[in-house]
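Take a look at the structure below.
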Amino acid sequence: MNLNQTDHPLIARFTAAGQGGVFAFLDRLDAAQRAELLAQAGEVDLAEVARLHRTLVAGAGLGAAVPAGIEPAPAVPLPANGGDPAAWARAEAAGLEALRAGRIAAFTVAGGQGTRLGFDGPKGTFPVTPVRRQPLFQVFAEKIIAAGRRAGRPLPWFIMTSHQNHAATEAFFAEHRWFGLDRGRVHFLRQGRMPAVDFDGRILLESPGAIALSPDGHGGSLRALDRSGALDLMKAEGIDTISYFQVDNPLVRAIDPAFLGWHLLAGSEMSSKMVPKTDPAEKVGLFCRHGGRLAVVEYSDLPAATQAGREPDGRLRFRAANIAVHVLDREFVRRLAGGEGTLPFHRADKKIPTIDAAGRPVTPAKPNGVKFELFVFDALPFARNPLLLETSRGGDFSPVKNATGADSPQTSRDDQVRQWTRWLRAAGADVPVDATGLPAGAIEVSPLFADDERSFAAAWRKLSPPPAIRDGLVLPASS
Ligand code: UTP
């Protein structure tokens with residue numbers, strides 16, 4: 001094959017679009033490297049890259065303008081905060097019914113790069129629990145098994161990976177024998193990639209033979225579910241509802257019957273959980289309403305004064321914080337993936353490892369380019385009857401994002417221990433705690449022992465005599 005810069009159609013197209021630099025080092029590559037570079041170039045939608053540069057980089061700058069007239073989004077409150085206990089009980093019953101009928105799949109997005117955590121390996125393999133150091137994937141697997149046992153029917157689990165971590169993720173599952181799940185019901189799907197560009201819109205190379213490609217954001221999960229055939233598989237198996245959560249949040253109620261039931265009873269196409277934001281400076285996306293539609297507005301797009309506004313009772317007016325836990329209707333995902341509603345790309349300025357004009361590696365000290373990402377919550381405005389449900393932060397959300405400080409392994413371990421300690425105390429155990437709710441000893445409870453306060457109380461009652469807790473306690477799977 002002649003790969004002359006001008007007569008190969010792909011190279012000619014790139015050159016005409018001002019992206020000929022992608023092939024600047026072609027004569028240094030061997031045949032296999034050239035083929036790989038051409039394959040990568042074939043993935044790139046040049047018109048899309050040009051449009052994104054025009055609109056997001058050269059044009060509007062960071063963030064989209066927030067439309068006038070946005071309002072805080074109302075959420076169904078928890079019973080403890082004024083919600084109707086009977087309605088919550090009905091929702092839970094409806095969710096359990098759907099689980100028993102085999103209508104639900106678990107779905108984890110695990111294609112992120114995890115740069116802030118800086119862990120070497122897929123984030124789902126990170127040892128997250130406080131005592132046994134179980135990896136995130138194990139925690140979710142146990143939650144999914146527990147939900148299946150409760151429903152009397154095992155659930156399938158779909159996991160979105162990236163090009164970078166796909167093989168390592170699959171190998172980890174095989175090494176751990178799929179964590180006790182039925183191997184045939186654990187499905188991996190790879191998300192798409194987008195090229196990074198410099199501030200002038202030129203596609204960056206990561207090495208002389210590779211484009212700087214990165215995952216297309218968690219919003220890429222919708223098209224990945226469609227393209228991979230996962231939606232067809234779900235349809236064939238009678239699954240119409242997808243329980244979506246992120247790989248970095250070990251506290252998540254991965255399969256929450258009440259949430260599923262609220263979603264189904266509302267005839268919703270996409271539902272989300274919120275926690276009340278209390279600190280106006282907290283950097284979270286906020287659920288808002290605009291023109292009768294539900295949407296998430298990023299904190300950086302809301303003026304500080306709006307973020308700080310309060311109700312007469314002192315609560316923040318815009319307080320519905322997004323914790324990235326959703327329920328999605330299968331056919332809604334298919335419609336969106338098919339182009340019915342186009343999710344917007346977002347721009348993220350990043351330090352992107354690249355090469356200089358001589359082909360030598362460059363590790364930038366400050367952002368040198370832009371990555372483009374889709375966000376799953378941008379699907380909300382397209383959903384019919386979207387539902388927003390309140391949850392408690394301590395019982396659903398403590399992500400591992402950073403190596404230290406807020407949202408780090410330490411804060412997440414502490415939040416896990418606080419939750420299990422609350423369950424223990426509610427079940428009648430005598431566990432002294434400090435002012436933050438932490439006990440002196442180390443505590444860990446497997447989701448296979450119990451996965452919520454009620455199931456914990458039931459499992460605890462069966463332990464006779466109850467174990468001593470003074471020096472810590474590990475409760476593995478109950479027999
Ligand atoms: P984050 O926004 O925290 O990004 O992802 P990240 O890539 O994991 O971490 P940083 O920003 O590089 O430190 C939130 C969730 O969305 C998934 C992540 O795996 C995580 O579960 N995600 C993110 C994807 O699956 N694909 C993506 O392209 C981006």
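Residues in the structure tokens are named by chain (A, B, ... in the order shown) and by number from 1 within that chain; ligands are numbered from 1 in the order shown.
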Report task. May I ask you to write as a ChimeraX atom specification all residues lying at most 6 Å from ligand 1, with only C-alpha atoms and all ligand atoms counted? Result -> /A:109-117,215-218,246-248,401
Emit the selected residues as a short mmCIF file (atom, residue, chain, number, x, y, z; two decimals), in the first residue's frame, including C-alpha atoms.
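Below you can see result.cif, which holds the result:
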data_model
loop_
_atom_site.label_atom_id
_atom_site.label_comp_id
_atom_site.auth_asym_id
_atom_site.auth_seq_id
_atom_site.Cartn_x
_atom_site.Cartn_y
_atom_site.Cartn_z
CA VAL A 109 -19.55 3.41 33.77
CA ALA A 110 -15.90 2.57 34.30
CA GLY A 111 -14.21 4.10 31.28
CA GLY A 112 -12.79 7.20 32.99
CA GLN A 113 -9.09 7.88 33.19
CA GLY A 114 -8.98 8.47 36.95
CA THR A 115 -6.18 10.99 36.57
CA ARG A 116 -6.93 12.75 39.87
CA LEU A 117 -6.65 9.53 41.88
CA PRO A 215 -12.75 8.39 26.18
CA ASP A 216 -15.77 10.40 25.02
CA GLY A 217 -17.15 11.00 28.54
CA HIS A 218 -19.75 9.14 30.60
CA GLN A 246 -20.29 5.24 38.53
CA VAL A 247 -17.31 3.07 39.29
CA ASP A 248 -15.87 5.42 41.92
CA LYS A 401 -11.89 11.04 43.09
#
Excluding Arg334 (chain A) and any residue of its chain fewer than 4 positions from it, enumerate the residues within 7 Å of it, using only C-alpha atoms, and give them as a PDB file with all heavy atoms, in the first residue's frame.
ATOM      1  N   ASP A 226     -25.848   1.266  22.785  1.00  0.00           N
ATOM      2  CA  ASP A 226     -26.540   0.972  21.525  1.00  0.00           C
ATOM      3  C   ASP A 226     -25.605   0.231  20.568  1.00  0.00           C
ATOM      4  O   ASP A 226     -25.896  -0.873  20.118  1.00  0.00           O
ATOM      5  CB  ASP A 226     -27.027   2.297  20.919  1.00  0.00           C
ATOM      6  CG  ASP A 226     -27.959   2.057  19.747  1.00  0.00           C
ATOM      7  OD1 ASP A 226     -28.672   1.039  19.755  1.00  0.00           O
ATOM      8  OD2 ASP A 226     -27.960   2.880  18.813  1.00  0.00           O
ATOM      9  N   ARG A 330     -34.697   1.679  28.704  1.00  0.00           N
ATOM     10  CA  ARG A 330     -33.892   1.133  27.600  1.00  0.00           C
ATOM     11  C   ARG A 330     -34.201   1.820  26.261  1.00  0.00           C
ATOM     12  O   ARG A 330     -33.287   2.220  25.540  1.00  0.00           O
ATOM     13  CB  ARG A 330     -34.181  -0.377  27.469  1.00  0.00           C
ATOM     14  CG  ARG A 330     -33.330  -1.080  26.434  1.00  0.00           C
ATOM     15  CD  ARG A 330     -33.912  -2.440  26.088  1.00  0.00           C
ATOM     16  NE  ARG A 330     -35.165  -2.291  25.362  1.00  0.00           N
ATOM     17  CZ  ARG A 330     -36.246  -3.044  25.540  1.00  0.00           C
ATOM     18  NH1 ARG A 330     -36.231  -4.017  26.404  1.00  0.00           N
ATOM     19  NH2 ARG A 330     -37.354  -2.817  24.834  1.00  0.00           N
ATOM     20  N   GLY A 338     -29.772   6.993  18.823  1.00  0.00           N
ATOM     21  CA  GLY A 338     -30.131   7.043  17.408  1.00  0.00           C
ATOM     22  C   GLY A 338     -30.194   8.469  16.882  1.00  0.00           C
ATOM     23  O   GLY A 338     -30.500   8.678  15.713  1.00  0.00           O
TER      24      GLY A 338
END
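Nearest to Leu225 (chain A) of all the residues A:Cys288, A:Val433, A:Ala87, A:Leu189 is A:Leu189, based on only C-alpha atoms.
For the atom pair formed by CA of Leu388 (chain A) and CA of Ala348 (chain A), the distance is 27.2 Å, given to one decimal.
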Enumerate, in order of chain and increasing residue number, the residues of region 200-270 of chain A with an atom no farther than 8 Å from region 123-144 of chain A, each with its shortest atom pair and distance in Å to one decimal, counting only C-alpha atoms, as JSON lines.
{"residue": "A:Val247", "atom": "CA", "partner": "A:Gly124", "partner_atom": "CA", "distance": 5.8}
{"residue": "A:Asp248", "atom": "CA", "partner": "A:Lys123", "partner_atom": "CA", "distance": 7.0}
{"residue": "A:Asn249", "atom": "CA", "partner": "A:Leu136", "partner_atom": "CA", "distance": 7.9}
{"residue": "A:Pro250", "atom": "CA", "partner": "A:Leu136", "partner_atom": "CA", "distance": 6.2}
{"residue": "A:Arg253", "atom": "CA", "partner": "A:Lys143", "partner_atom": "CA", "distance": 7.7}
{"residue": "A:Ala254", "atom": "CA", "partner": "A:Lys143", "partner_atom": "CA", "distance": 6.6}
{"residue": "A:Ile255", "atom": "CA", "partner": "A:Ile144", "partner_atom": "CA", "distance": 6.8}
Restricting it to all heavy atoms, dump the selection as a PDB file, in the first residue's frame.
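Everything below was put into part_0.pdb:
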ATOM      1  N   VAL A 247     -18.221   4.056  38.717  1.00  0.00           N
ATOM      2  CA  VAL A 247     -17.311   3.072  39.292  1.00  0.00           C
ATOM      3  C   VAL A 247     -16.608   3.576  40.564  1.00  0.00           C
ATOM      4  O   VAL A 247     -16.027   2.791  41.305  1.00  0.00           O
ATOM      5  CB  VAL A 247     -16.245   2.656  38.241  1.00  0.00           C
ATOM      6  CG1 VAL A 247     -15.162   3.716  38.080  1.00  0.00           C
ATOM      7  CG2 VAL A 247     -15.636   1.314  38.584  1.00  0.00           C
ATOM      8  N   ASP A 248     -16.695   4.879  40.825  1.00  0.00           N
ATOM      9  CA  ASP A 248     -15.875   5.421  41.925  1.00  0.00           C
ATOM     10  C   ASP A 248     -16.626   5.594  43.244  1.00  0.00           C
ATOM     11  O   ASP A 248     -16.099   6.180  44.172  1.00  0.00           O
ATOM     12  CB  ASP A 248     -15.248   6.755  41.491  1.00  0.00           C
ATOM     13  CG  ASP A 248     -16.284   7.752  41.003  1.00  0.00           C
ATOM     14  OD1 ASP A 248     -17.480   7.563  41.298  1.00  0.00           O
ATOM     15  OD2 ASP A 248     -15.888   8.722  40.329  1.00  0.00           O
ATOM     16  N   ASN A 249     -17.852   5.082  43.340  1.00  0.00           N
ATOM     17  CA  ASN A 249     -18.681   5.375  44.509  1.00  0.00           C
ATOM     18  C   ASN A 249     -19.097   4.096  45.242  1.00  0.00           C
ATOM     19  O   ASN A 249     -20.151   3.531  44.972  1.00  0.00           O
ATOM     20  CB  ASN A 249     -19.923   6.151  44.033  1.00  0.00           C
ATOM     21  CG  ASN A 249     -20.883   6.471  45.159  1.00  0.00           C
ATOM     22  OD1 ASN A 249     -20.520   6.420  46.341  1.00  0.00           O
ATOM     23  ND2 ASN A 249     -22.112   6.798  44.806  1.00  0.00           N
ATOM     24  N   PRO A 250     -18.277   3.641  46.215  1.00  0.00           N
ATOM     25  CA  PRO A 250     -18.583   2.366  46.861  1.00  0.00           C
ATOM     26  C   PRO A 250     -19.845   2.390  47.715  1.00  0.00           C
ATOM     27  O   PRO A 250     -20.397   1.338  48.028  1.00  0.00           O
ATOM     28  CB  PRO A 250     -17.355   2.117  47.755  1.00  0.00           C
ATOM     29  CG  PRO A 250     -16.781   3.465  47.998  1.00  0.00           C
ATOM     30  CD  PRO A 250     -17.049   4.261  46.757  1.00  0.00           C
ATOM     31  N   ARG A 253     -26.152   2.731  46.365  1.00  0.00           N
ATOM     32  CA  ARG A 253     -27.115   1.627  46.397  1.00  0.00           C
ATOM     33  C   ARG A 253     -27.298   1.215  44.933  1.00  0.00           C
ATOM     34  O   ARG A 253     -28.159   1.733  44.221  1.00  0.00           O
ATOM     35  CB  ARG A 253     -28.423   2.093  47.010  1.00  0.00           C
ATOM     36  CG  ARG A 253     -28.221   2.604  48.441  1.00  0.00           C
ATOM     37  CD  ARG A 253     -29.495   2.621  49.220  1.00  0.00           C
ATOM     38  NE  ARG A 253     -30.060   1.273  49.261  1.00  0.00           N
ATOM     39  CZ  ARG A 253     -31.281   0.997  49.713  1.00  0.00           C
ATOM     40  NH1 ARG A 253     -32.055   1.956  50.157  1.00  0.00           N
ATOM     41  NH2 ARG A 253     -31.730  -0.262  49.710  1.00  0.00           N
ATOM     42  N   ALA A 254     -26.454   0.299  44.509  1.00  0.00           N
ATOM     43  CA  ALA A 254     -26.343  -0.025  43.082  1.00  0.00           C
ATOM     44  C   ALA A 254     -27.691  -0.435  42.495  1.00  0.00           C
ATOM     45  O   ALA A 254     -28.021  -0.085  41.356  1.00  0.00           O
ATOM     46  CB  ALA A 254     -25.314  -1.137  42.892  1.00  0.00           C
ATOM     47  N   ILE A 255     -28.428  -1.184  43.276  1.00  0.00           N
ATOM     48  CA  ILE A 255     -29.771  -1.606  42.863  1.00  0.00           C
ATOM     49  C   ILE A 255     -30.702  -1.206  43.998  1.00  0.00           C
ATOM     50  O   ILE A 255     -30.735  -1.860  45.038  1.00  0.00           O
ATOM     51  CB  ILE A 255     -29.835  -3.138  42.647  1.00  0.00           C
ATOM     52  CG1 ILE A 255     -28.804  -3.580  41.603  1.00  0.00           C
ATOM     53  CG2 ILE A 255     -31.240  -3.580  42.265  1.00  0.00           C
ATOM     54  CD1 ILE A 255     -29.062  -3.087  40.190  1.00  0.00           C
TER      55      ILE A 255
END
With a cut-off of 9 Å, could you pull out the residues of region 177-266 of chain A touching region 359-378 of chain A and give me the nearest pair of atoms for each, distance in Å to one decimal, using only C-alpha atoms, ordered by chain and ascending number, as a Markdown table?
| residue | atom | partner | partner_atom | distance |
| --- | --- | --- | --- | --- |
| A:Met194 | CA | A:Phe372 | CA | 6.6 |
| A:Pro195 | CA | A:Lys371 | CA | 7.1 |
| A:Ala196 | CA | A:Lys371 | CA | 4.8 |
| A:Val197 | CA | A:Val370 | CA | 5.4 |
| A:Asp198 | CA | A:Gly369 | CA | 4.1 |
| A:Phe199 | CA | A:Gly369 | CA | 5.4 |
| A:Asp200 | CA | A:Gly369 | CA | 8.6 |
| A:Gly201 | CA | A:Gly369 | CA | 8.6 |
| A:Leu204 | CA | A:Gly369 | CA | 8.1 |
| A:Glu206 | CA | A:Pro361 | CA | 7.9 |
| A:Ser207 | CA | A:Gly359 | CA | 7.0 |
| A:Pro208 | CA | A:Gly359 | CA | 5.9 |
| A:Leu213 | CA | A:Lys371 | CA | 8.7 |
| A:Ser214 | CA | A:Lys371 | CA | 7.5 |
| A:Pro215 | CA | A:Glu373 | CA | 7.6 |
| A:Asp216 | CA | A:Glu373 | CA | 4.8 |
| A:Gly217 | CA | A:Glu373 | CA | 4.4 |
| A:His218 | CA | A:Phe375 | CA | 5.4 |
| A:Gly219 | CA | A:Val376 | CA | 3.7 |
| A:Gly220 | CA | A:Leu374 | CA | 5.8 |
| A:Ser221 | CA | A:Val376 | CA | 7.4 |
| A:Leu222 | CA | A:Val376 | CA | 7.5 |
Could you save those same residues with N, CA, C and O atoms as a tab-separated table (two decimals), in the first residue's frame?
chain	number	residue	atom	x	y	z
A	194	MET	N	-12.50	10.31	21.56
A	194	MET	CA	-12.45	11.60	20.86
A	194	MET	C	-10.99	12.07	20.84
A	194	MET	O	-10.25	11.85	21.80
A	195	PRO	N	-10.59	12.75	19.75
A	195	PRO	CA	-9.22	13.29	19.73
A	195	PRO	C	-9.13	14.57	20.56
A	195	PRO	O	-10.10	15.33	20.63
A	196	ALA	N	-7.97	14.78	21.17
A	196	ALA	CA	-7.72	16.06	21.85
A	196	ALA	C	-7.12	17.03	20.83
A	196	ALA	O	-6.41	16.62	19.91
A	197	VAL	N	-7.43	18.31	21.01
A	197	VAL	CA	-6.88	19.32	20.09
A	197	VAL	C	-6.12	20.38	20.88
A	197	VAL	O	-6.36	20.55	22.08
A	198	ASP	N	-5.19	21.07	20.21
A	198	ASP	CA	-4.56	22.21	20.88
A	198	ASP	C	-5.50	23.41	20.79
A	198	ASP	O	-6.60	23.32	20.22
A	199	PHE	N	-5.09	24.53	21.36
A	199	PHE	CA	-6.02	25.66	21.42
A	199	PHE	C	-6.30	26.27	20.05
A	199	PHE	O	-7.20	27.09	19.90
A	200	ASP	N	-5.52	25.85	19.04
A	200	ASP	CA	-5.81	26.30	17.67
A	200	ASP	C	-6.62	25.27	16.89
A	200	ASP	O	-6.83	25.42	15.68
A	201	GLY	N	-7.03	24.21	17.58
A	201	GLY	CA	-7.90	23.24	16.93
A	201	GLY	C	-7.17	22.12	16.21
A	201	GLY	O	-7.80	21.30	15.54
A	204	LEU	N	-3.94	16.68	18.41
A	204	LEU	CA	-2.65	16.41	19.05
A	204	LEU	C	-2.23	14.96	18.84
A	204	LEU	O	-3.08	14.06	18.83
A	206	GLU	N	-0.02	11.82	20.40
A	206	GLU	CA	0.50	11.37	21.69
A	206	GLU	C	1.92	10.81	21.48
A	206	GLU	O	2.76	10.86	22.37
A	207	SER	N	2.13	10.28	20.28
A	207	SER	CA	3.46	9.80	19.88
A	207	SER	C	3.48	9.91	18.36
A	207	SER	O	2.43	10.17	17.74
A	208	PRO	N	4.63	9.72	17.72
A	208	PRO	CA	4.65	9.89	16.26
A	208	PRO	C	3.63	9.02	15.53
A	208	PRO	O	3.13	9.39	14.48
A	213	LEU	N	-5.99	10.27	21.77
A	213	LEU	CA	-7.43	9.95	21.85
A	213	LEU	C	-7.79	9.68	23.29
A	213	LEU	O	-7.02	9.07	24.03
A	214	SER	N	-8.96	10.13	23.71
A	214	SER	CA	-9.39	9.83	25.08
A	214	SER	C	-10.87	9.48	25.08
A	214	SER	O	-11.59	9.80	24.13
A	215	PRO	N	-11.35	8.82	26.14
A	215	PRO	CA	-12.75	8.39	26.18
A	215	PRO	C	-13.71	9.58	25.99
A	215	PRO	O	-13.40	10.70	26.42
A	216	ASP	N	-14.87	9.30	25.40
A	216	ASP	CA	-15.77	10.40	25.02
A	216	ASP	C	-16.71	10.84	26.14
A	216	ASP	O	-17.74	11.46	25.89
A	217	GLY	N	-16.36	10.53	27.39
A	217	GLY	CA	-17.15	11.00	28.54
A	217	GLY	C	-18.21	9.98	28.94
A	217	GLY	O	-18.55	9.09	28.16
A	218	HIS	N	-18.74	10.14	30.18
A	218	HIS	CA	-19.75	9.14	30.60
A	218	HIS	C	-21.01	9.22	29.76
A	218	HIS	O	-21.76	8.26	29.65
A	219	GLY	N	-21.22	10.37	29.13
A	219	GLY	CA	-22.38	10.47	28.22
A	219	GLY	C	-22.21	9.59	26.99
A	219	GLY	O	-23.19	9.26	26.31
A	220	GLY	N	-20.96	9.18	26.73
A	220	GLY	CA	-20.72	8.25	25.63
A	220	GLY	C	-21.33	6.89	25.91
A	220	GLY	O	-21.41	6.03	25.02
A	221	SER	N	-21.77	6.69	27.16
A	221	SER	CA	-22.35	5.39	27.52
A	221	SER	C	-23.63	5.12	26.74
A	221	SER	O	-23.93	3.96	26.45
A	222	LEU	N	-24.36	6.17	26.39
A	222	LEU	CA	-25.64	5.93	25.71
A	222	LEU	C	-25.40	5.33	24.34
A	222	LEU	O	-25.99	4.32	23.96
Query - All residues 9 Å or closer to region 98-106 of chain A, only C-alpha atoms, same chain fewer than 5 positions away omitted, as a ChimeraX atom specification - result: /A:93,144,147-148,150-159,234,237-245,254-255,257,260-261,264
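Residues of region 138-238 of chain A that DSSP places in strand (DSSP E), based on the backbone of this structure, are Trp157, Phe158, Ile159, Met160, Thr161, Val186, His187, Phe188, Leu189, Arg190, Arg193, Met194, Pro195, Val197, Asp198, Leu205, Glu206, Ser207, Ala210, Ile211, Leu213, Ser214 and Pro215 of chain A.
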